[in-house]
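Okay, structure-v2.pdb is below, PDB, C-alpha atoms:
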ATOM      1  CA  MET A   1      84.595 111.056 125.364
ATOM      2  CA  GLU A   2      81.256 110.970 127.170
ATOM      3  CA  SER A   3      80.297 107.857 129.147
ATOM      4  CA  THR A   4      77.304 106.182 130.751
ATOM      5  CA  ASP A   5      77.174 104.915 134.312
ATOM      6  CA  GLY A   6      77.363 101.249 133.335
ATOM      7  CA  ARG A   7      73.720 100.266 132.801
ATOM      8  CA  GLY A   8      71.272  99.887 129.928
ATOM      9  CA  GLN A   9      71.462  98.462 126.423
ATOM     10  CA  LEU A  10      72.992  99.693 123.186
ATOM     11  CA  LEU A  11      70.156  99.357 120.641
ATOM     12  CA  ALA A  12      69.999 100.033 116.894
ATOM     13  CA  ILE A  13      67.585 100.677 114.048
ATOM     14  CA  SER A  14      67.798 102.136 110.542
ATOM     15  CA  ASP A  15      65.787 102.859 107.410
ATOM     16  CA  LEU A  16      62.745 104.136 109.279
ATOM     17  CA  HIS A  17      61.322 105.771 106.126
ATOM     18  CA  ILE A  18      58.636 107.599 108.062
ATOM     19  CA  GLY A  19      57.146 109.084 104.909
ATOM     20  CA  TYR A  20      55.072 105.899 105.021
ATOM     21  CA  PRO A  21      52.280 106.231 107.631
ATOM     22  CA  GLU A  22      52.795 102.616 108.735
ATOM     23  CA  ASN A  23      56.466 103.302 109.441
ATOM     24  CA  ARG A  24      55.685 106.539 111.264
ATOM     25  CA  ALA A  25      53.369 104.536 113.507
ATOM     26  CA  LEU A  26      56.213 102.097 114.230
ATOM     27  CA  VAL A  27      58.455 104.966 115.323
ATOM     28  CA  GLU A  28      55.707 106.371 117.538
ATOM     29  CA  ARG A  29      55.725 103.062 119.431
ATOM     30  CA  MET A  30      59.502 102.757 119.831
ATOM     31  CA  SER A  31      60.675 102.999 123.410
ATOM     32  CA  PRO A  32      63.682 102.037 125.542
ATOM     33  CA  THR A  33      63.806  99.133 127.977
ATOM     34  CA  SER A  34      65.412 101.314 130.663
ATOM     35  CA  ASP A  35      66.316 104.937 131.319
ATOM     36  CA  GLU A  36      69.935 104.141 130.370
ATOM     37  CA  ASP A  37      69.378 102.748 126.850
ATOM     38  CA  TRP A  38      71.181 104.324 123.904
ATOM     39  CA  LEU A  39      69.784 104.160 120.357
ATOM     40  CA  LEU A  40      71.864 104.039 117.165
ATOM     41  CA  VAL A  41      70.003 105.290 114.074
ATOM     42  CA  ALA A  42      71.885 104.231 110.953
ATOM     43  CA  GLY A  43      70.280 106.520 108.393
ATOM     44  CA  ASP A  44      67.303 106.861 106.066
ATOM     45  CA  VAL A  45      64.973 108.341 108.642
ATOM     46  CA  ALA A  46      63.101 110.297 105.950
ATOM     47  CA  GLU A  47      63.510 112.559 102.919
ATOM     48  CA  THR A  48      62.384 115.903 104.366
ATOM     49  CA  VAL A  49      64.059 117.873 107.127
ATOM     50  CA  ALA A  50      60.748 118.269 108.956
ATOM     51  CA  ASP A  51      60.191 114.500 109.061
ATOM     52  CA  ILE A  52      63.791 113.816 110.083
ATOM     53  CA  ARG A  53      63.467 116.324 112.903
ATOM     54  CA  TRP A  54      60.142 114.875 114.067
ATOM     55  CA  ALA A  55      61.550 111.344 114.363
ATOM     56  CA  LEU A  56      64.883 112.220 115.955
ATOM     57  CA  GLU A  57      63.257 114.638 118.399
ATOM     58  CA  LEU A  58      60.758 111.985 119.480
ATOM     59  CA  LEU A  59      63.490 109.358 119.943
ATOM     60  CA  ALA A  60      65.871 111.774 121.676
ATOM     61  CA  GLY A  61      63.135 112.480 124.203
ATOM     62  CA  ARG A  62      62.858 108.782 125.091
ATOM     63  CA  PHE A  63      66.417 107.399 125.007
ATOM     64  CA  ARG A  64      69.374 108.391 127.155
ATOM     65  CA  LYS A  65      71.375 109.071 123.992
ATOM     66  CA  VAL A  66      70.553 108.946 120.279
ATOM     67  CA  ILE A  67      73.420 108.583 117.797
ATOM     68  CA  TRP A  68      72.672 109.267 114.122
ATOM     69  CA  ALA A  69      74.557 108.460 110.930
ATOM     70  CA  PRO A  70      73.020 109.853 107.717
ATOM     71  CA  GLY A  71      71.657 107.700 104.936
ATOM     72  CA  ASN A  72      71.263 108.632 101.312
ATOM     73  CA  HIS A  73      67.596 109.614 101.731
ATOM     74  CA  GLU A  74      68.411 112.350 104.258
ATOM     75  CA  LEU A  75      70.801 113.819 101.695
ATOM     76  CA  TRP A  76      68.293 113.946  98.870
ATOM     77  CA  THR A  77      67.171 117.388  97.749
ATOM     78  CA  HIS A  78      63.566 116.315  97.270
ATOM     79  CA  GLN A  79      60.823 118.338  95.632
ATOM     80  CA  ARG A  80      58.599 117.681  98.666
ATOM     81  CA  ASP A  81      61.075 119.332 101.011
ATOM     82  CA  THR A  82      60.919 123.057 101.745
ATOM     83  CA  VAL A  83      64.647 122.919 102.569
ATOM     84  CA  THR A  84      66.356 123.114  99.187
ATOM     85  CA  LEU A  85      69.984 122.905 100.330
ATOM     86  CA  ARG A  86      72.247 120.522  98.423
ATOM     87  CA  GLY A  87      75.274 118.395  99.197
ATOM     88  CA  VAL A  88      77.587 119.520 101.984
ATOM     89  CA  GLU A  89      75.298 122.421 102.936
ATOM     90  CA  ARG A  90      72.373 120.046 103.423
ATOM     91  CA  TYR A  91      74.472 117.692 105.541
ATOM     92  CA  ALA A  92      75.718 120.612 107.664
ATOM     93  CA  HIS A  93      72.118 121.756 108.155
ATOM     94  CA  LEU A  94      71.151 118.288 109.405
ATOM     95  CA  VAL A  95      74.140 118.187 111.750
ATOM     96  CA  ALA A  96      73.158 121.565 113.233
ATOM     97  CA  MET A  97      69.578 120.334 113.671
ATOM     98  CA  CYS A  98      70.778 117.173 115.446
ATOM     99  CA  ARG A  99      72.964 119.173 117.794
ATOM    100  CA  ASP A 100      69.955 121.340 118.632
ATOM    101  CA  LEU A 101      68.105 118.125 119.554
ATOM    102  CA  GLY A 102      71.008 116.675 121.547
ATOM    103  CA  VAL A 103      71.575 113.917 118.953
ATOM    104  CA  THR A 104      75.180 112.801 118.337
ATOM    105  CA  THR A 105      76.389 113.022 114.718
ATOM    106  CA  PRO A 106      79.509 111.937 112.799
ATOM    107  CA  GLU A 107      80.911 115.428 113.419
ATOM    108  CA  ASP A 108      80.850 115.101 117.213
ATOM    109  CA  PRO A 109      83.249 113.400 119.668
ATOM    110  CA  TYR A 110      82.701 109.649 119.698
ATOM    111  CA  PRO A 111      80.754 108.646 122.838
ATOM    112  CA  LEU A 112      82.065 105.913 125.113
ATOM    113  CA  TRP A 113      79.609 103.134 125.952
ATOM    114  CA  GLU A 114      80.410 101.729 129.391
ATOM    115  CA  GLY A 115      77.281  99.634 129.823
ATOM    116  CA  PRO A 116      77.154  95.835 129.470
ATOM    117  CA  GLY A 117      79.574  94.692 126.792
ATOM    118  CA  GLY A 118      81.645  97.875 127.108
ATOM    119  CA  PRO A 119      83.702  99.865 127.215
ATOM    120  CA  VAL A 120      83.574 100.600 123.480
ATOM    121  CA  ALA A 121      83.883 103.780 121.445
ATOM    122  CA  VAL A 122      80.691 104.280 119.407
ATOM    123  CA  ALA A 123      81.548 105.965 116.119
ATOM    124  CA  PRO A 124      78.790 107.179 113.778
ATOM    125  CA  LEU A 125      80.202 107.480 110.262
ATOM    126  CA  PHE A 126      79.309 109.361 107.109
ATOM    127  CA  LEU A 127      81.204 107.807 104.200
ATOM    128  CA  LEU A 128      78.941 107.574 101.116
ATOM    129  CA  TYR A 129      80.067 105.289  98.230
ATOM    130  CA  ASP A 130      82.400 105.529  95.256
ATOM    131  CA  TYR A 131      81.064 103.024  92.682
ATOM    132  CA  THR A 132      83.846 100.510  93.407
ATOM    133  CA  PHE A 133      81.377  97.676  94.131
ATOM    134  CA  LEU A 134      81.050  97.112  90.385
ATOM    135  CA  PRO A 135      78.882  94.517  88.618
ATOM    136  CA  GLN A 136      80.669  91.432  87.378
ATOM    137  CA  GLY A 137      82.502  92.123  84.118
ATOM    138  CA  CYS A 138      82.587  95.911  84.628
ATOM    139  CA  THR A 139      85.864  97.680  85.343
ATOM    140  CA  THR A 140      84.805 101.344  85.475
ATOM    141  CA  LYS A 141      81.991 103.424  86.966
ATOM    142  CA  GLU A 142      80.811 104.287  83.457
ATOM    143  CA  GLN A 143      80.527 100.632  82.484
ATOM    144  CA  GLY A 144      78.713  99.874  85.729
ATOM    145  CA  LEU A 145      76.187 102.666  85.258
ATOM    146  CA  ASP A 146      75.573 101.646  81.648
ATOM    147  CA  TYR A 147      74.888  98.115  82.824
ATOM    148  CA  ALA A 148      72.573  99.320  85.605
ATOM    149  CA  HIS A 149      70.590 101.543  83.251
ATOM    150  CA  GLY A 150      70.237  98.553  80.939
ATOM    151  CA  THR A 151      68.657  96.516  83.733
ATOM    152  CA  GLY A 152      66.508  99.399  85.005
ATOM    153  CA  ILE A 153      68.037  99.190  88.511
ATOM    154  CA  VAL A 154      69.351 102.693  89.113
ATOM    155  CA  CYS A 155      69.462 104.305  92.549
ATOM    156  CA  THR A 156      67.437 107.515  92.877
ATOM    157  CA  ASP A 157      70.609 109.124  94.262
ATOM    158  CA  GLU A 158      71.625 109.674  90.647
ATOM    159  CA  TYR A 159      68.877 112.305  90.425
ATOM    160  CA  LEU A 160      68.444 113.649  93.974
ATOM    161  CA  LEU A 161      71.718 113.278  95.932
ATOM    162  CA  HIS A 162      73.922 116.195  94.905
ATOM    163  CA  PRO A 163      77.606 116.297  95.972
ATOM    164  CA  ASP A 164      78.035 120.114  95.870
ATOM    165  CA  PRO A 165      80.653 121.549  96.082
ATOM    166  CA  TYR A 166      82.449 118.294  95.244
ATOM    167  CA  PRO A 167      82.538 117.404  91.538
ATOM    168  CA  SER A 168      81.065 113.934  92.156
ATOM    169  CA  ARG A 169      79.648 111.655  94.821
ATOM    170  CA  GLU A 170      82.781 109.532  94.700
ATOM    171  CA  ALA A 171      84.969 112.599  95.327
ATOM    172  CA  TRP A 172      82.834 113.455  98.356
ATOM    173  CA  CYS A 173      83.129 109.832  99.495
ATOM    174  CA  ARG A 174      86.930 109.864  99.281
ATOM    175  CA  ALA A 175      87.127 113.076 101.290
ATOM    176  CA  ARG A 176      84.818 111.632 103.955
ATOM    177  CA  VAL A 177      86.807 108.383 104.122
ATOM    178  CA  ALA A 178      90.098 110.250 104.577
ATOM    179  CA  GLU A 179      88.766 112.479 107.359
ATOM    180  CA  THR A 180      86.973 109.603 109.126
ATOM    181  CA  GLU A 181      90.038 107.364 108.926
ATOM    182  CA  ARG A 182      92.093 110.097 110.595
ATOM    183  CA  ARG A 183      89.605 110.364 113.456
ATOM    184  CA  LEU A 184      89.309 106.609 113.973
ATOM    185  CA  GLU A 185      93.095 106.329 114.192
ATOM    186  CA  GLU A 186      92.957 108.677 117.194
ATOM    187  CA  ILE A 187      90.901 106.188 119.251
ATOM    188  CA  PRO A 188      93.156 104.469 121.826
ATOM    189  CA  ASP A 189      94.583 101.186 120.559
ATOM    190  CA  ASP A 190      93.184  99.216 123.488
ATOM    191  CA  LEU A 191      89.592 100.396 122.985
ATOM    192  CA  PRO A 192      87.151  98.318 120.881
ATOM    193  CA  THR A 193      84.661 100.138 118.655
ATOM    194  CA  VAL A 194      81.112  99.923 117.380
ATOM    195  CA  LEU A 195      81.033 101.523 113.936
ATOM    196  CA  VAL A 196      77.666 102.839 112.723
ATOM    197  CA  ASN A 197      77.344 103.613 109.022
ATOM    198  CA  HIS A 198      74.425 103.585 106.621
ATOM    199  CA  TYR A 199      76.374 101.331 104.244
ATOM    200  CA  PRO A 200      78.317  98.170 105.125
ATOM    201  CA  LEU A 201      82.070  98.675 105.340
ATOM    202  CA  ASP A 202      82.676  95.505 103.334
ATOM    203  CA  ARG A 203      81.015  94.216 100.184
ATOM    204  CA  HIS A 204      80.049  90.792 101.542
ATOM    205  CA  PRO A 205      76.545  91.813 102.768
ATOM    206  CA  THR A 206      75.602  92.778  99.199
ATOM    207  CA  GLU A 207      76.261  89.299  97.826
ATOM    208  CA  ILE A 208      72.621  88.242  98.343
ATOM    209  CA  LEU A 209      71.103  91.216  96.507
ATOM    210  CA  ARG A 210      68.486  90.165  93.983
ATOM    211  CA  HIS A 211      69.922  92.834  91.689
ATOM    212  CA  PRO A 212      73.701  92.749  92.238
ATOM    213  CA  GLU A 213      74.232  95.946  90.239
ATOM    214  CA  PHE A 214      72.668  97.876  93.137
ATOM    215  CA  ALA A 215      75.871  97.193  95.106
ATOM    216  CA  MET A 216      77.459 100.188  93.338
ATOM    217  CA  TRP A 217      75.469 102.453  95.674
ATOM    218  CA  CYS A 218      76.323 100.441  98.810
ATOM    219  CA  GLY A 219      79.827 101.414  99.891
ATOM    220  CA  THR A 220      83.484 101.602  98.989
ATOM    221  CA  ARG A 221      86.419  99.214  98.849
ATOM    222  CA  LEU A 222      88.446 101.828 100.757
ATOM    223  CA  THR A 223      86.907 100.586 104.030
ATOM    224  CA  ALA A 224      87.229  96.843 103.399
ATOM    225  CA  ASP A 225      89.714  96.316 106.247
ATOM    226  CA  TRP A 226      88.282  98.778 108.785
ATOM    227  CA  HIS A 227      86.507  96.081 110.791
ATOM    228  CA  ARG A 228      89.955  94.595 111.503
ATOM    229  CA  ARG A 229      91.995  97.800 111.732
ATOM    230  CA  PHE A 230      89.727  99.525 114.229
ATOM    231  CA  ARG A 231      89.007  96.623 116.614
ATOM    232  CA  VAL A 232      85.329  96.469 115.721
ATOM    233  CA  ALA A 233      83.066  94.659 118.181
ATOM    234  CA  CYS A 234      80.093  95.186 115.858
ATOM    235  CA  MET A 235      79.557  96.952 112.537
ATOM    236  CA  VAL A 236      76.012  98.396 112.402
ATOM    237  CA  TYR A 237      74.515  99.319 109.029
ATOM    238  CA  GLY A 238      71.276  99.486 107.032
ATOM    239  CA  HIS A 239      70.437 100.488 103.435
ATOM    240  CA  LEU A 240      69.960  96.972 102.053
ATOM    241  CA  HIS A 241      66.584  96.382 103.754
ATOM    242  CA  ILE A 242      67.738  92.824 104.504
ATOM    243  CA  PRO A 243      67.875  92.667 108.320
ATOM    244  CA  ARG A 244      70.264  89.929 109.410
ATOM    245  CA  THR A 245      73.494  89.109 111.207
ATOM    246  CA  THR A 246      76.660  88.026 109.416
ATOM    247  CA  HIS A 247      80.238  87.460 110.553
ATOM    248  CA  HIS A 248      83.266  88.410 108.505
ATOM    249  CA  ASP A 249      86.809  87.756 109.731
ATOM    250  CA  GLY A 250      85.230  86.991 113.085
ATOM    251  CA  VAL A 251      83.553  90.427 113.269
ATOM    252  CA  ARG A 252      79.787  90.795 113.682
ATOM    253  CA  PHE A 253      77.934  92.827 111.036
ATOM    254  CA  GLU A 254      74.334  93.800 111.896
ATOM    255  CA  GLU A 255      71.909  95.048 109.243
ATOM    256  CA  VAL A 256      69.204  96.746 111.339
ATOM    257  CA  SER A 257      66.792  98.269 108.805
ATOM    258  CA  VAL A 258      63.011  98.509 108.990
ATOM    259  CA  GLY A 259      62.507  99.056 105.253
ATOM    260  CA  TYR A 260      59.338  99.772 103.311
ATOM    261  CA  PRO A 261      55.947  98.362 104.412
ATOM    262  CA  ARG A 262      55.789  96.088 101.362
ATOM    263  CA  GLU A 263      59.053  94.526 102.572
ATOM    264  CA  TRP A 264      58.343  94.089 106.282
ATOM    265  CA  ARG A 265      54.666  93.065 106.106
ATOM    266  CA  PRO A 266      55.399  89.473 104.894
ATOM    267  CA  ARG A 267      57.990  88.805 107.606
ATOM    268  CA  ALA A 268      57.185  86.654 110.594
ATOM    269  CA  ALA A 269      59.164  88.907 112.936
ATOM    270  CA  PRO A 270      57.328  91.996 114.243
ATOM    271  CA  PRO A 271      58.389  95.169 112.385
ATOM    272  CA  GLY A 272      60.370  97.941 114.004
ATOM    273  CA  ARG A 273      62.074  95.796 116.641
ATOM    274  CA  LEU A 274      65.144  97.519 118.019
ATOM    275  CA  ARG A 275      68.239  95.329 117.586
ATOM    276  CA  ARG A 276      70.400  94.899 120.652
ATOM    277  CA  ILE A 277      74.051  95.516 119.800
ATOM    278  CA  LEU A 278      75.490  95.346 123.318
ATOM    279  CA  PRO A 279      75.335  93.197 125.277
ATOM    280  CA  MET A 280      75.394  90.825 122.307
ATOM    281  CA  GLU A 281      72.080  89.048 121.748
ATOM    282  CA  VAL A 282      73.023  86.813 118.815
ATOM    283  CA  PRO A 283      75.129  83.634 119.006
ATOM    284  CA  ALA A 284      78.148  83.239 116.756
ATOM    285  CA  GLY A 285      77.363  82.197 113.200
ATOM    286  CA  ASP A 286      75.336  83.663 110.378
ATOM    287  CA  ARG A 287      71.656  83.866 111.293
ATOM    288  CA  GLY A 288      70.834  84.854 107.742
ATOM    289  CA  ALA A 289      67.793  86.818 106.646
ATOM    290  CA  ALA A 290      64.764  86.850 108.894
ATOM    291  CA  PRO A 291      61.859  84.633 107.804
ATOM    292  CA  GLY A 292      60.040  86.146 104.869
ATOM    293  CA  VAL A 293      62.895  88.438 103.846
ATOM    294  CA  GLY A 294      63.559  88.424 100.125
ATOM    295  CA  ARG A 295      67.038  88.157  98.681
ATOM    296  CA  GLY A 296      67.656  91.787  97.859
ATOM    297  CA  ARG A 297      66.185  94.948  96.464
ATOM    298  CA  GLY A 298      64.318  95.926  93.377
ATOM    299  CA  GLY A 299      63.304  99.262  91.871
ATOM    300  CA  THR A 300      65.142 102.572  91.866
ATOM    301  CA  ARG A 301      64.363 104.205  95.232
ATOM    302  CA  PRO A 302      66.850 102.882  97.860
TER
END

Take the structure in the file and give it back as structure tokens.
Amino acid sequence: MESTDGRGQLLAISDLHIGYPENRALVERMSPTSDEDWLLVAGDVAETVADIRWALELLAGRFRKVIWAPGNHELWTHQRDTVTLRGVERYAHLVAMCRDLGVTTPEDPYPLWEGPGGPVAVAPLFLLYDYTFLPQGCTTKEQGLDYAHGTGIVCTDEYLLHPDPYPSREAWCRARVAETERRLEEIPDDLPTVLVNHYPLDRHPTEILRHPEFAMWCGTRLTADWHRRFRVACMVYGHLHIPRTTHHDGVRFEEVSVGYPREWRPRAAPPGRLRRILPMEVPAGDRGAAPGVGRGRGGTRP
């Protein structure tokens, strides 16, 4: 494992969505507080490879280390993108691009943070979802999707996120969970972790969604005990566009997303603020959603 020399801050952000000019401007202004700061980027940088590269290259040039976990938007095969790769091939292309930029990915050795609050192993994850966060009254994926289509709340992944060569997104998810679990078990038992994933490892953060059926595209029950099993000091995630801190079984969960301009403009807090993960900046207890944050997501894009 790589290590720092004991200074700096471990910072986090997600859901940059730089296809929006306002969000691109936020990224252009992002900067570290010291030469030793690390930045965790928990997915949904953009939909095109060119935009993803622009943002990660800019951030990698400013921070001591940038650690990236993919979101669903990076995995879309979008008509605006000149890169038409799908599924595993697209993910592999993004990993190769990150390595060219010096950005750590879920396929690389987990770095060791030895700054304030450390030492901790920082593990970027790529897990996807398997439709096990079902709407109330539904017992199968098919029932859940029928219900979602009836409400009009269907994630765009259904049309743009291809699992090739896996037969389904849930099959890809199960393969990723099995491989990631194996790697996490190799971390020494006396070493705490910071897990960075686009989706929360547990369902509890989705309980405030305005449209609870959207939870189907937010994770898997297979990881529900990982925050306890792997000695998690903080679980960093995005995707929900509801930035807040919660605690579950005594473990801190940080949703660190920027979100779309229509979501962050009404908030009292300035947009694009990097969240400090270590040393911890939030007292124990659930801070809840930031002022002006709505209770969940609408539409079909997340």

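Atom CA of A:Asp130 sits 12.4 Å away from atom CA of A:Pro167.
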
So for stretch 180-197 of chain A, what box centre and size do we get, axis-aligned, 3 Å extra on each of the six sides, every listed atom, Å to one decimal, as AutoDock Vina command-line options?
--center_x 86.0 --center_y 104.3 --center_z 116.2 --size_x 23.2 --size_y 18.0 --size_z 20.6

Quiz item: Looking at only C-alpha atoms, which of A:His73, A:Arg53, A:Arg64, A:His198 is the one that sits closest to A:Asp100?
Solution: A:Arg53

Quiz item: Of the candidates A:Phe253, A:Tyr166, A:Tyr199, A:Phe230, which shows the shortest atom-to-atom distance to A:Arg86, using only C-alpha atoms?
Solution: A:Tyr166

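If all atoms listed in the file are the atoms counted, then among A:Val66, A:Ile277, A:Val95, A:Ala50 the closest residue to A:Val120 is A:Ile277.
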